[in-house]
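> Contents are PDB, C-alpha atoms and all ligand atoms; file name target-v4.pdb:
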```
ATOM      1  CA  MET P 170       3.963  13.785 -13.116
ATOM      2  CA  ALA P 171       4.203  15.137  -9.568
ATOM      3  CA  ASP P 172       7.302  16.800  -8.126
ATOM      4  CA  THR P 173       9.578  14.289  -6.541
ATOM      5  CA  GLY P 174      10.133  15.474  -3.011
ATOM      6  CA  GLY P 175      12.352  12.435  -2.666
ATOM      7  CA  ALA P 176      15.746  12.653  -1.064
ATOM      8  CA  GLY P 177      18.047  11.338  -3.805
ATOM      9  CA  GLN P 178      18.477  11.623  -7.562
ATOM     10  CA  GLY P 179      14.955  11.741  -8.956
ATOM     11  CA  GLY P 180      16.249  12.306 -12.527
ATOM     12  CA  GLU P 181      15.873   8.902 -14.144
ATOM     13  CA  LEU P 182      12.771   7.854 -12.291
ATOM     14  CA  PHE P 183       9.649   6.862 -14.143
ATOM     15  CA  TYR P 184       7.544   7.188 -10.992
ATOM     16  CA  ARG P 185       8.707   9.804  -8.529
ATOM     17  CA  ARG P 186       5.987   9.656  -5.939
ATOM     18  CA  VAL P 187       4.627   6.243  -5.087
ATOM     19  CA  LEU P 188       1.928   4.959  -2.790
ATOM     20  CA  LEU P 189       2.752   1.388  -1.854
ATOM     21  CA  LYS P 190      -0.021  -0.743  -0.411
ATOM     22  CA  ILE P 191       1.124  -3.708   1.638
ATOM     23  CA  SER P 192      -1.400  -6.189   2.966
ATOM     24  CA  GLY P 193      -1.254  -7.172   6.606
ATOM     25  CA  GLU P 194      -0.637 -10.764   5.552
ATOM     26  CA  ALA P 195       2.622  -9.708   3.913
ATOM     27  CA  LEU P 196       4.008  -9.047   7.405
ATOM     28  CA  ALA P 197       3.019 -12.433   8.762
ATOM     29  CA  GLY P 198       5.046 -14.654   6.428
ATOM     30  CA  GLU P 199       4.447 -18.383   6.662
ATOM     31  CA  GLN P 200       2.797 -18.130  10.062
ATOM     32  CA  LYS P 201      -0.199 -16.321   8.423
ATOM     33  CA  PHE P 202      -1.026 -14.464  11.642
ATOM     34  CA  GLY P 203       0.650 -11.622  13.503
ATOM     35  CA  ILE P 204       4.007 -10.110  12.664
ATOM     36  CA  SER P 205       7.176 -11.940  11.690
ATOM     37  CA  PRO P 206      10.128  -9.580  12.343
ATOM     38  CA  PRO P 207      12.429 -11.192   9.709
ATOM     39  CA  VAL P 208       9.647 -10.886   7.125
ATOM     40  CA  VAL P 209       9.141  -7.226   8.029
ATOM     41  CA  ASP P 210      12.891  -6.622   7.725
ATOM     42  CA  ARG P 211      13.026  -8.180   4.276
ATOM     43  CA  LEU P 212      10.132  -6.053   3.145
ATOM     44  CA  VAL P 213      11.742  -2.939   4.550
ATOM     45  CA  GLU P 214      14.930  -3.772   2.670
ATOM     46  CA  GLU P 215      12.886  -3.475  -0.557
ATOM     47  CA  ILE P 216      11.535  -0.147   0.668
ATOM     48  CA  ARG P 217      15.030   1.066   1.570
ATOM     49  CA  VAL P 218      16.297   0.523  -1.959
ATOM     50  CA  VAL P 219      13.383   2.434  -3.478
ATOM     51  CA  HIS P 220      13.717   5.249  -0.957
ATOM     52  CA  GLU P 221      17.444   5.551  -1.683
ATOM     53  CA  MET P 222      16.651   5.999  -5.360
ATOM     54  CA  GLY P 223      14.957   9.250  -4.375
ATOM     55  CA  VAL P 224      11.374   8.111  -4.669
ATOM     56  CA  ALA P 225       8.911   9.897  -2.385
ATOM     57  CA  LEU P 226       7.264   6.978  -0.708
ATOM     58  CA  GLY P 227       3.971   6.668   1.129
ATOM     59  CA  LEU P 228       2.935   3.336   2.606
ATOM     60  CA  VAL P 229      -0.496   2.055   3.494
ATOM     61  CA  VAL P 230      -0.503  -1.184   5.392
ATOM     62  CA  GLY P 231      -3.469  -3.465   5.932
ATOM     63  CA  GLY P 232      -4.454  -5.266   9.105
ATOM     64  CA  GLY P 233      -5.664  -8.646   7.871
ATOM     65  CA  ASN P 234      -2.857 -10.453   9.725
ATOM     66  CA  ILE P 235      -4.473  -9.356  13.004
ATOM     67  CA  VAL P 236      -8.178  -8.502  12.527
ATOM     68  CA  ARG P 237     -10.350  -8.348   9.454
ATOM     69  CA  GLY P 238     -13.723  -6.696   9.998
ATOM     70  CA  THR P 239     -15.774  -8.957   7.772
ATOM     71  CA  THR P 240     -14.343 -12.118   9.343
ATOM     72  CA  ALA P 241     -14.863 -10.892  12.893
ATOM     73  CA  SER P 242     -18.422  -9.779  12.166
ATOM     74  CA  ALA P 243     -19.197 -13.124  10.511
ATOM     75  CA  ALA P 244     -18.159 -14.675  13.819
ATOM     76  CA  GLY P 245     -20.813 -12.627  15.594
ATOM     77  CA  MET P 246     -19.097  -9.347  16.413
ATOM     78  CA  ASP P 247     -20.695  -6.008  15.647
ATOM     79  CA  ARG P 248     -19.334  -4.938  12.241
ATOM     80  CA  VAL P 249     -18.454  -1.393  13.216
ATOM     81  CA  SER P 250     -16.522  -2.512  16.315
ATOM     82  CA  ALA P 251     -14.774  -5.165  14.246
ATOM     83  CA  ASP P 252     -13.816  -2.587  11.638
ATOM     84  CA  TYR P 253     -12.363  -0.271  14.289
ATOM     85  CA  MET P 254     -10.348  -3.221  15.582
ATOM     86  CA  GLY P 255      -9.132  -3.775  12.022
ATOM     87  CA  MET P 256      -8.113  -0.133  11.744
ATOM     88  CA  LEU P 257      -6.188  -0.392  15.017
ATOM     89  CA  ALA P 258      -4.469  -3.497  13.631
ATOM     90  CA  THR P 259      -3.103  -1.390  10.784
ATOM     91  CA  VAL P 260      -1.551   0.946  13.358
ATOM     92  CA  ILE P 261       0.214  -1.993  15.009
ATOM     93  CA  ASN P 262       1.579  -3.017  11.608
ATOM     94  CA  ALA P 263       2.647   0.524  10.764
ATOM     95  CA  LEU P 264       4.603   0.747  14.026
ATOM     96  CA  ALA P 265       6.354  -2.535  13.236
ATOM     97  CA  LEU P 266       7.331  -1.222   9.807
ATOM     98  CA  GLN P 267       8.467   2.101  11.243
ATOM     99  CA  ASN P 268      10.628   0.354  13.772
ATOM    100  CA  SER P 269      12.359  -1.632  11.083
ATOM    101  CA  LEU P 270      12.764   1.470   8.875
ATOM    102  CA  GLU P 271      14.330   3.465  11.676
ATOM    103  CA  ARG P 272      16.753   0.664  12.522
ATOM    104  CA  ARG P 273      18.066   1.139   8.993
ATOM    105  CA  GLY P 274      18.396   4.887   9.522
ATOM    106  CA  ILE P 275      15.422   5.724   7.295
ATOM    107  CA  HIS P 276      13.412   8.629   8.635
ATOM    108  CA  SER P 277       9.701   8.007   8.723
ATOM    109  CA  ARG P 278       6.464   9.240  10.221
ATOM    110  CA  VAL P 279       3.322   7.336  11.095
ATOM    111  CA  LEU P 280       0.177   9.364  10.436
ATOM    112  CA  THR P 281      -3.068   7.936  11.747
ATOM    113  CA  ALA P 282      -6.588   8.483  10.444
ATOM    114  CA  ILE P 283      -7.794   8.024  14.043
ATOM    115  CA  ARG P 284      -6.097  10.282  16.551
ATOM    116  CA  MET P 285      -3.657   8.633  18.952
ATOM    117  CA  GLU P 286      -1.118  11.357  19.478
ATOM    118  CA  GLN P 287       0.948   9.595  22.118
ATOM    119  CA  LEU P 288       2.280   7.299  19.460
ATOM    120  CA  ALA P 289       1.757   8.908  16.062
ATOM    121  CA  GLU P 290       0.814  12.155  14.355
ATOM    122  CA  PRO P 291      -2.756  12.687  13.229
ATOM    123  CA  TYR P 292      -3.213  12.551   9.468
ATOM    124  CA  ILE P 293      -3.108  16.043   7.999
ATOM    125  CA  ARG P 294      -2.654  16.152   4.248
ATOM    126  CA  ARG P 295      -0.308  19.141   4.117
ATOM    127  CA  ARG P 296       1.819  17.645   6.837
ATOM    128  CA  ALA P 297       2.038  14.345   4.961
ATOM    129  CA  ILE P 298       3.199  16.135   1.817
ATOM    130  CA  SER P 299       5.711  18.148   3.802
ATOM    131  CA  HIS P 300       7.165  14.937   5.283
ATOM    132  CA  LEU P 301       7.464  13.467   1.802
ATOM    133  CA  GLU P 302       9.219  16.575   0.552
ATOM    134  CA  LYS P 303      11.712  16.206   3.373
ATOM    135  CA  GLY P 304      12.489  12.678   2.201
ATOM    136  CA  ARG P 305      10.669  10.882   4.999
ATOM    137  CA  VAL P 306       8.768   7.700   4.373
ATOM    138  CA  VAL P 307       5.164   8.323   5.389
ATOM    139  CA  LEU P 308       3.162   5.451   6.839
ATOM    140  CA  PHE P 309      -0.558   6.085   6.602
ATOM    141  CA  ALA P 310      -2.191   4.057   9.350
ATOM    142  CA  GLY P 311      -5.756   3.536  10.504
ATOM    143  CA  GLY P 312      -7.167   3.062   7.012
ATOM    144  CA  THR P 313      -9.606   5.791   6.038
ATOM    145  CA  GLY P 314     -10.696   6.146   9.669
ATOM    146  CA  ASN P 315     -14.166   4.890   8.740
ATOM    147  CA  PRO P 316     -15.788   1.489   9.120
ATOM    148  CA  TYR P 317     -17.049  -0.352   6.002
ATOM    149  CA  PHE P 318     -13.946   0.615   4.032
ATOM    150  CA  SER P 319     -10.776  -1.277   3.234
ATOM    151  CA  THR P 320      -7.129  -0.358   3.329
ATOM    152  CA  ASP P 321      -7.132  -0.672  -0.476
ATOM    153  CA  THR P 322      -9.538   2.253  -0.542
ATOM    154  CA  ALA P 323      -7.360   4.045   2.016
ATOM    155  CA  ALA P 324      -4.342   3.479  -0.252
ATOM    156  CA  VAL P 325      -6.076   4.989  -3.252
ATOM    157  CA  LEU P 326      -7.416   7.888  -1.206
ATOM    158  CA  ARG P 327      -4.020   8.748   0.273
ATOM    159  CA  GLY P 328      -2.356   8.218  -3.098
ATOM    160  CA  ILE P 329      -4.665  10.748  -4.709
ATOM    161  CA  GLU P 330      -4.307  13.172  -1.804
ATOM    162  CA  MET P 331      -0.515  13.103  -2.007
ATOM    163  CA  ASN P 332      -0.510  13.389  -5.818
ATOM    164  CA  ALA P 333       1.163  10.017  -6.228
ATOM    165  CA  ASP P 334       2.083   8.981  -9.750
ATOM    166  CA  VAL P 335       1.010   5.391  -9.126
ATOM    167  CA  ILE P 336      -0.566   3.087  -6.570
ATOM    168  CA  VAL P 337       1.485  -0.071  -6.204
ATOM    169  CA  LYS P 338      -0.415  -2.976  -4.757
ATOM    170  CA  ALA P 339       2.058  -5.513  -3.450
ATOM    171  CA  THR P 340       0.687  -9.042  -3.408
ATOM    172  CA  LYS P 341       1.789 -12.659  -3.263
ATOM    173  CA  VAL P 342       1.309 -13.216  -7.005
ATOM    174  CA  ASP P 343       2.955 -11.635 -10.048
ATOM    175  CA  GLY P 344      -0.048  -9.533 -11.004
ATOM    176  CA  ILE P 345      -3.618 -10.064 -12.132
ATOM    177  CA  TYR P 346      -4.719 -13.399 -13.583
ATOM    178  CA  SER P 347      -7.918 -14.489 -15.273
ATOM    179  CA  ALA P 348      -8.511 -16.785 -12.277
ATOM    180  CA  ASP P 349      -6.699 -17.548  -9.010
ATOM    181  CA  PRO P 350      -3.355 -19.019 -10.186
ATOM    182  CA  LYS P 351      -2.965 -20.855  -6.887
ATOM    183  CA  LYS P 352      -6.218 -22.751  -7.467
ATOM    184  CA  ASP P 353      -6.562 -22.897 -11.243
ATOM    185  CA  SER P 354      -3.653 -24.031 -13.436
ATOM    186  CA  SER P 355      -5.306 -22.612 -16.573
ATOM    187  CA  ALA P 356      -5.294 -19.082 -15.096
ATOM    188  CA  GLU P 357      -3.718 -16.617 -17.526
ATOM    189  CA  PHE P 358      -1.591 -13.637 -16.632
ATOM    190  CA  ILE P 359      -3.047 -10.261 -17.641
ATOM    191  CA  PRO P 360      -0.297  -7.665 -18.298
ATOM    192  CA  ASP P 361      -2.669  -4.727 -18.476
ATOM    193  CA  ILE P 362      -6.332  -4.044 -18.036
ATOM    194  CA  THR P 363      -8.672  -1.064 -17.846
ATOM    195  CA  TYR P 364     -10.437  -0.002 -14.668
ATOM    196  CA  MET P 365     -13.771  -0.900 -16.257
ATOM    197  CA  GLN P 366     -12.626  -4.399 -17.203
ATOM    198  CA  ALA P 367     -11.178  -4.968 -13.753
ATOM    199  CA  LEU P 368     -14.461  -3.826 -12.206
ATOM    200  CA  SER P 369     -16.749  -5.818 -14.462
ATOM    201  CA  ARG P 370     -14.696  -9.018 -14.486
ATOM    202  CA  GLU P 371     -14.421  -8.967 -10.678
ATOM    203  CA  LEU P 372     -10.857 -10.224 -10.784
ATOM    204  CA  GLY P 373     -10.266  -9.470  -7.133
ATOM    205  CA  VAL P 374      -7.651  -6.793  -7.843
ATOM    206  CA  MET P 375      -9.123  -4.390  -5.342
ATOM    207  CA  ASP P 376     -12.611  -3.819  -4.017
ATOM    208  CA  ALA P 377     -14.994  -1.858  -6.206
ATOM    209  CA  ALA P 378     -14.835   1.280  -4.039
ATOM    210  CA  ALA P 379     -11.039   1.458  -4.415
ATOM    211  CA  LEU P 380     -11.132   0.742  -8.142
ATOM    212  CA  SER P 381     -13.843   3.340  -8.768
ATOM    213  CA  LEU P 382     -11.824   5.948  -6.910
ATOM    214  CA  CYS P 383      -8.817   5.166  -9.113
ATOM    215  CA  LYS P 384     -10.955   5.356 -12.225
ATOM    216  CA  ASP P 385     -12.558   8.669 -11.284
ATOM    217  CA  ASN P 386      -9.165  10.197 -10.587
ATOM    218  CA  ASP P 387      -7.278   8.426 -13.355
ATOM    219  CA  ILE P 388      -4.457   7.193 -11.159
ATOM    220  CA  PRO P 389      -2.760   4.010 -12.404
ATOM    221  CA  ILE P 390      -2.455   0.894 -10.261
ATOM    222  CA  VAL P 391       0.318  -1.634 -10.639
ATOM    223  CA  VAL P 392      -0.215  -5.025  -9.025
ATOM    224  CA  LEU P 393       3.051  -6.864  -8.430
ATOM    225  CA  ASN P 394       4.661  -9.574  -6.361
ATOM    226  CA  LEU P 395       6.521  -8.337  -3.328
ATOM    227  CA  ASP P 396       8.378 -11.652  -3.066
ATOM    228  CA  ASP P 397       9.981 -10.822  -6.414
ATOM    229  CA  GLU P 398      13.141  -9.133  -5.156
ATOM    230  CA  GLY P 399      13.673  -5.608  -6.467
ATOM    231  CA  ALA P 400      10.291  -5.526  -8.229
ATOM    232  CA  VAL P 401       9.263  -2.108  -6.922
ATOM    233  CA  ALA P 402      12.689  -0.630  -7.701
ATOM    234  CA  ARG P 403      12.526  -1.929 -11.282
ATOM    235  CA  LEU P 404       9.020  -0.581 -11.677
ATOM    236  CA  VAL P 405       9.941   2.950 -10.603
ATOM    237  CA  ARG P 406      12.833   2.893 -13.083
ATOM    238  CA  GLY P 407      10.304   2.284 -15.839
ATOM    239  CA  GLU P 408      10.383  -1.487 -16.328
ATOM    240  CA  ARG P 409       7.046  -3.064 -17.232
ATOM    241  CA  ILE P 410       6.364  -5.266 -14.277
ATOM    242  CA  GLY P 411       3.235  -6.860 -12.832
ATOM    243  CA  THR P 412      -0.172  -5.802 -14.150
ATOM    244  CA  LEU P 413      -1.013  -2.216 -15.008
ATOM    245  CA  VAL P 414      -4.591  -1.074 -14.376
ATOM    246  CA  HIS P 415      -5.348   2.081 -16.311
ATOM    247  CA  SER P 416      -8.080   4.145 -18.015
TER     248      SER P 416
HETATM  249  N1  LIG R   1     -10.814  -1.090   7.931
HETATM  250  C1  LIG R   1     -11.876  -0.218   8.021
HETATM  251  N2  LIG R   1     -11.801   0.981   7.366
HETATM  252  C2  LIG R   1     -10.738   1.340   6.598
HETATM  253  C3  LIG R   1      -9.671   0.414   6.485
HETATM  254  C4  LIG R   1      -9.735  -0.790   7.159
HETATM  255  O1  LIG R   1     -12.856  -0.486   8.685
HETATM  256  O2  LIG R   1     -10.726   2.436   6.040
HETATM  257  C5  LIG R   1     -10.844  -2.342   8.716
HETATM  258  C6  LIG R   1     -11.632  -3.457   8.058
HETATM  259  O3  LIG R   1     -12.293  -4.173   9.068
HETATM  260  C7  LIG R   1     -10.542  -4.316   7.454
HETATM  261  C8  LIG R   1      -9.432  -4.193   8.477
HETATM  262  O4  LIG R   1      -9.524  -2.834   8.898
HETATM  263  O5  LIG R   1     -10.945  -5.654   7.305
HETATM  264  C9  LIG R   1      -8.054  -4.504   7.970
HETATM  265  O6  LIG R   1      -7.838  -3.925   6.715
HETATM  266  P1  LIG R   1      -7.783  -4.780   5.351
HETATM  267  O7  LIG R   1      -8.720  -5.948   5.444
HETATM  268  O8  LIG R   1      -7.968  -3.840   4.233
HETATM  269  O9  LIG R   1      -6.296  -5.291   5.443
HETATM  270  P2  LIG R   1      -5.462  -6.232   4.439
HETATM  271  O10 LIG R   1      -6.412  -7.214   3.797
HETATM  272  O11 LIG R   1      -4.864  -5.326   3.414
HETATM  273  O12 LIG R   1      -4.424  -6.854   5.320
END
```
Turn the structure described in the file into structure tokens.

Amino acid sequence: MADTGGAGQGGELFYRRVLLKISGEALAGEQKFGISPPVVDRLVEEIRVVHEMGVALGLVVGGGNIVRGTTASAAGMDRVSADYMGMLATVINALALQNSLERRGIHSRVLTAIRMEQLAEPYIRRRAISHLEKGRVVLFAGGTGNPYFSTDTAAVLRGIEMNADVIVKATKVDGIYSADPKKDSSAEFIPDITYMQALSRELGVMDAAALSLCKDNDIPIVVLNLDDEGAVARLVRGERIGTLVHS
């Protein structure tokens, strides 16, 4: 397990360095589009608790609440331009999260995969690790910096680069189900699953590129419900929560 680098008592932690992936939609709340400040604040409250426990925390946020490349290109836009717009959307979301973090006195840095130095630092791996070691929350924005990828892939990539112990994918459901529980009442909860099963059963956990990267680097993924208060904190203390994807 990686060195903590967190600010508090890392002693009893099961996961010391965590990469948390938050979808853009999680910032929109009921309105489904854009950013809802109270929703962001509630989310940041969850992050604050985990950070105070001494967990070194990296965040990757999506951009689906503003622009999603595939949707925009289906509507006629050039895919690459649409993807760059999506990547910029993640920067907007990261700034919203940072603002809320800083209002709570939590030190953070936004690191972007696409340079925009007037508002954030460029992503440099060693710098990201150094921020984590100083107890700062690191927000990785701009996805991977490349079109045709997703922020799930960015989350896995950054998680591996920062030697995270786990990738936590925060969703609107309690974990992985055999079918969409919102559409199919017979959907069964799956407490744990291998990378291969998740890939072959196409359960919509993450895209194949992200899952393959996890598999090749043997980094576990936990899918959990961010609306379940304290879920991430319980997970890092060692409670079995959500669905574990493993080798
Ligand atoms: N995107 C991209 N490359 C990346 C990450 C994201 O091109 O490395 C674009 C892509 O168009 C994507 C959008 O940014 O649709 C927003 O990210 P994503 O859909 O992953 O956000 P989420 O669904 O998590 O809100």
> Please, which residues in chain P fall within 9 Å of ligand LIG 1 (chain R) when counting all atoms listed in the file, and what is the closest atom pair and distance in Å to one decimal for each, ordered by chain then residue number, as a Markdown table?

```
| residue | atom | partner | partner_atom | distance |
| --- | --- | --- | --- | --- |
| P:Lys190 | CA | R:LIG1 | O11 | 7.7 |
| P:Ile191 | CA | R:LIG1 | O11 | 6.5 |
| P:Ser192 | CA | R:LIG1 | O11 | 3.6 |
| P:Gly193 | CA | R:LIG1 | O12 | 3.4 |
| P:Glu194 | CA | R:LIG1 | O12 | 5.4 |
| P:Ala195 | CA | R:LIG1 | O12 | 7.7 |
| P:Leu196 | CA | R:LIG1 | O12 | 9.0 |
| P:Val229 | CA | R:LIG1 | O11 | 8.6 |
| P:Val230 | CA | R:LIG1 | O11 | 6.3 |
| P:Gly231 | CA | R:LIG1 | O9 | 3.4 |
| P:Gly232 | CA | R:LIG1 | C9 | 3.9 |
| P:Gly233 | CA | R:LIG1 | O12 | 3.4 |
| P:Asn234 | CA | R:LIG1 | O12 | 5.9 |
| P:Ile235 | CA | R:LIG1 | C9 | 7.9 |
| P:Val236 | CA | R:LIG1 | C8 | 6.0 |
| P:Arg237 | CA | R:LIG1 | O5 | 3.5 |
| P:Gly238 | CA | R:LIG1 | O3 | 3.0 |
| P:Thr239 | CA | R:LIG1 | O5 | 5.9 |
| P:Thr240 | CA | R:LIG1 | O5 | 7.6 |
| P:Ala241 | CA | R:LIG1 | O3 | 8.1 |
| P:Ser242 | CA | R:LIG1 | O3 | 8.9 |
| P:Arg248 | CA | R:LIG1 | O3 | 7.8 |
| P:Val249 | CA | R:LIG1 | O1 | 7.3 |
| P:Ser250 | CA | R:LIG1 | O3 | 8.6 |
| P:Ala251 | CA | R:LIG1 | O3 | 5.8 |
| P:Asp252 | CA | R:LIG1 | O3 | 3.4 |
| P:Tyr253 | CA | R:LIG1 | O1 | 5.6 |
| P:Met254 | CA | R:LIG1 | O4 | 6.7 |
| P:Gly255 | CA | R:LIG1 | O4 | 3.3 |
| P:Met256 | CA | R:LIG1 | O4 | 4.2 |
| P:Leu257 | CA | R:LIG1 | O4 | 7.4 |
| P:Ala258 | CA | R:LIG1 | C9 | 6.8 |
| P:Thr259 | CA | R:LIG1 | C9 | 6.5 |
| P:Ala282 | CA | R:LIG1 | O2 | 8.5 |
| P:Ala310 | CA | R:LIG1 | C3 | 8.8 |
| P:Gly311 | CA | R:LIG1 | C3 | 6.4 |
| P:Gly312 | CA | R:LIG1 | C3 | 3.7 |
| P:Thr313 | CA | R:LIG1 | O2 | 3.5 |
| P:Gly314 | CA | R:LIG1 | O2 | 5.2 |
| P:Asn315 | CA | R:LIG1 | N2 | 4.8 |
| P:Pro316 | CA | R:LIG1 | O1 | 3.6 |
| P:Tyr317 | CA | R:LIG1 | O1 | 5.0 |
| P:Phe318 | CA | R:LIG1 | N2 | 4.0 |
| P:Ser319 | CA | R:LIG1 | C3 | 3.8 |
| P:Thr320 | CA | R:LIG1 | O8 | 3.7 |
| P:Asp321 | CA | R:LIG1 | O8 | 5.7 |
| P:Thr322 | CA | R:LIG1 | O2 | 6.7 |
| P:Ala323 | CA | R:LIG1 | O2 | 5.5 |
```
> Would you write out those residues with C-alpha atoms, as a short mmCIF file (atom, residue, chain, number, x, y, z; two decimals), in the frame of the given file?

```cif
data_model
loop_
_atom_site.label_atom_id
_atom_site.label_comp_id
_atom_site.auth_asym_id
_atom_site.auth_seq_id
_atom_site.Cartn_x
_atom_site.Cartn_y
_atom_site.Cartn_z
CA LYS P 190 -0.02 -0.74 -0.41
CA ILE P 191 1.12 -3.71 1.64
CA SER P 192 -1.40 -6.19 2.97
CA GLY P 193 -1.25 -7.17 6.61
CA GLU P 194 -0.64 -10.76 5.55
CA ALA P 195 2.62 -9.71 3.91
CA LEU P 196 4.01 -9.05 7.40
CA VAL P 229 -0.50 2.06 3.49
CA VAL P 230 -0.50 -1.18 5.39
CA GLY P 231 -3.47 -3.46 5.93
CA GLY P 232 -4.45 -5.27 9.10
CA GLY P 233 -5.66 -8.65 7.87
CA ASN P 234 -2.86 -10.45 9.72
CA ILE P 235 -4.47 -9.36 13.00
CA VAL P 236 -8.18 -8.50 12.53
CA ARG P 237 -10.35 -8.35 9.45
CA GLY P 238 -13.72 -6.70 10.00
CA THR P 239 -15.77 -8.96 7.77
CA THR P 240 -14.34 -12.12 9.34
CA ALA P 241 -14.86 -10.89 12.89
CA SER P 242 -18.42 -9.78 12.17
CA ARG P 248 -19.33 -4.94 12.24
CA VAL P 249 -18.45 -1.39 13.22
CA SER P 250 -16.52 -2.51 16.32
CA ALA P 251 -14.77 -5.16 14.25
CA ASP P 252 -13.82 -2.59 11.64
CA TYR P 253 -12.36 -0.27 14.29
CA MET P 254 -10.35 -3.22 15.58
CA GLY P 255 -9.13 -3.78 12.02
CA MET P 256 -8.11 -0.13 11.74
CA LEU P 257 -6.19 -0.39 15.02
CA ALA P 258 -4.47 -3.50 13.63
CA THR P 259 -3.10 -1.39 10.78
CA ALA P 282 -6.59 8.48 10.44
CA ALA P 310 -2.19 4.06 9.35
CA GLY P 311 -5.76 3.54 10.50
CA GLY P 312 -7.17 3.06 7.01
CA THR P 313 -9.61 5.79 6.04
CA GLY P 314 -10.70 6.15 9.67
CA ASN P 315 -14.17 4.89 8.74
CA PRO P 316 -15.79 1.49 9.12
CA TYR P 317 -17.05 -0.35 6.00
CA PHE P 318 -13.95 0.62 4.03
CA SER P 319 -10.78 -1.28 3.23
CA THR P 320 -7.13 -0.36 3.33
CA ASP P 321 -7.13 -0.67 -0.48
CA THR P 322 -9.54 2.25 -0.54
CA ALA P 323 -7.36 4.04 2.02
#
```
> Written as a list in words, which residues does the PyMOL selection byres (((chain P and resi 383-393) around 6) and not hetatm) give for the file shown?
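When the PyMOL selection byres (((chain P and resi 383-393) around 6) and not hetatm) is applied, the selected residues are Val335, Ile336, Val337, Lys338, Ala339, Thr340, Asp343, Gly344, Tyr364, Leu380, Ser381, Leu382, Asn394, Gly411, Thr412, Leu413, Val414 and His415 of chain P.
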> Pick from P:Leu308, P:His220, P:Glu215, P:Ala197: nearest to Ala324 (chain P), with only C-alpha atoms counted?
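Closest to Ala324 (chain P) of all the choices is P:Leu308.
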> Name the residues captured by the PyMOL selection byres (((chain P and resi 211) around 12) and not hetatm) when it is applied to the shown file; answer as a list in words.
Ala195, Leu196, Ala197, Gly198, Ser205, Pro206, Pro207, Val208, Val209, Asp210, Leu212, Val213, Glu214, Glu215, Ile216, Arg217, Val218, Leu266, Ser269, Leu270, Arg273, Leu395, Asp396, Asp397, Glu398 and Gly399 of chain P
> I'd like the residues picked by the PyMOL selection byres (((chain P and resi 404) around 10) and not hetatm) written out as a PDB file with C-alpha atoms, keeping the file's coordinate frame, using the chain letters and numbers from the file.

```
ATOM      1  CA  LEU P 182      12.771   7.854 -12.291  1.00  0.00           C
ATOM      2  CA  PHE P 183       9.649   6.862 -14.143  1.00  0.00           C
ATOM      3  CA  TYR P 184       7.544   7.188 -10.992  1.00  0.00           C
ATOM      4  CA  VAL P 219      13.383   2.434  -3.478  1.00  0.00           C
ATOM      5  CA  VAL P 337       1.485  -0.071  -6.204  1.00  0.00           C
ATOM      6  CA  VAL P 391       0.318  -1.634 -10.639  1.00  0.00           C
ATOM      7  CA  LEU P 393       3.051  -6.864  -8.430  1.00  0.00           C
ATOM      8  CA  GLY P 399      13.673  -5.608  -6.467  1.00  0.00           C
ATOM      9  CA  ALA P 400      10.291  -5.526  -8.229  1.00  0.00           C
ATOM     10  CA  VAL P 401       9.263  -2.108  -6.922  1.00  0.00           C
ATOM     11  CA  ALA P 402      12.689  -0.630  -7.701  1.00  0.00           C
ATOM     12  CA  ARG P 403      12.526  -1.929 -11.282  1.00  0.00           C
ATOM     13  CA  VAL P 405       9.941   2.950 -10.603  1.00  0.00           C
ATOM     14  CA  ARG P 406      12.833   2.893 -13.083  1.00  0.00           C
ATOM     15  CA  GLY P 407      10.304   2.284 -15.839  1.00  0.00           C
ATOM     16  CA  GLU P 408      10.383  -1.487 -16.328  1.00  0.00           C
ATOM     17  CA  ARG P 409       7.046  -3.064 -17.232  1.00  0.00           C
ATOM     18  CA  ILE P 410       6.364  -5.266 -14.277  1.00  0.00           C
ATOM     19  CA  GLY P 411       3.235  -6.860 -12.832  1.00  0.00           C
TER      20      GLY P 411
END
```
> Just give me the gap between CA of Ala367 (chain P) and CA of Arg186 (chain P) in Å, one decimal is fine.
23.9 Å
> Quick one: residues within 12 Å of Arg295 (chain P), only C-alpha atoms counted, chain neighbours fewer than 2 positions away excluded, as a PyMOL selection string?
chain P and resi 280+291-293+297-302+327+330-332
> At a cut-off of 7 Å, using only C-alpha atoms, what residues contact Phe358 (chain P)? Leave out same-chain residues fewer than 5 positions from it and give the result as number ranges by chain.
P: 345-347
> Let me have the centre and edge lengths in Å, one decimal, of the box along x, y and z around every listed atom of region 338-356 of chain P with 6 Å of margin on each side, as JSON.

```
{"center_x": -2.8, "center_y": -13.5, "center_z": -9.9, "size_x": 23.5, "size_y": 33.1, "size_z": 25.3}
```
> Just the number, please: distance in Å from CA of Pro350 (chain P) to CA of Gln200 (chain P), one decimal.
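These two atoms are separated by 21.2 Å.
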> What is the CA of Glu371 (chain P) to CA of Asp353 (chain P) distance in Å?
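Answer for the CA of Glu371 (chain P) to CA of Asp353 (chain P) separation: 16.0 Å.
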> For Ala265 (chain P), which residue among P:Ala379, P:Ile283, P:Ile204, P:Val306 is the nearest when counting all atoms listed in the file?
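Result for the nearest residue to Ala265 (chain P): P:Ile204.
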> Pick the closest to Glu181 (chain P) from P:Ser355, P:Gln366, P:Gly203, P:Val224: which is it, counting all atoms listed in the file?
P:Val224
> Could you tell me which of P:Ile275, P:Leu226, P:Thr281, P:Lys201 comes closest to Leu188 (chain P) if we count all atoms listed in the file?
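With all atoms listed in the file as the atom set, the closest residue is P:Leu226.
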> Using the structure just given, write a file holding C-alpha atoms for region 351-359 of chain P, as a short mmCIF file (atom, residue, chain, number, x, y, z; two decimals), in the first residue's frame.

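Heads up, here's the output in out_7.cif:
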```cif
data_model
loop_
_atom_site.label_atom_id
_atom_site.label_comp_id
_atom_site.auth_asym_id
_atom_site.auth_seq_id
_atom_site.Cartn_x
_atom_site.Cartn_y
_atom_site.Cartn_z
CA LYS P 351 -33.69 2.16 -12.13
CA LYS P 352 -35.22 0.41 -15.15
CA ASP P 353 -35.34 -3.25 -14.16
CA SER P 354 -36.78 -4.33 -10.80
CA SER P 355 -35.20 -7.80 -11.09
CA ALA P 356 -31.69 -6.28 -11.24
CA GLU P 357 -29.41 -7.92 -8.68
CA PHE P 358 -26.67 -6.23 -6.71
CA ILE P 359 -23.16 -7.56 -7.37
#
```
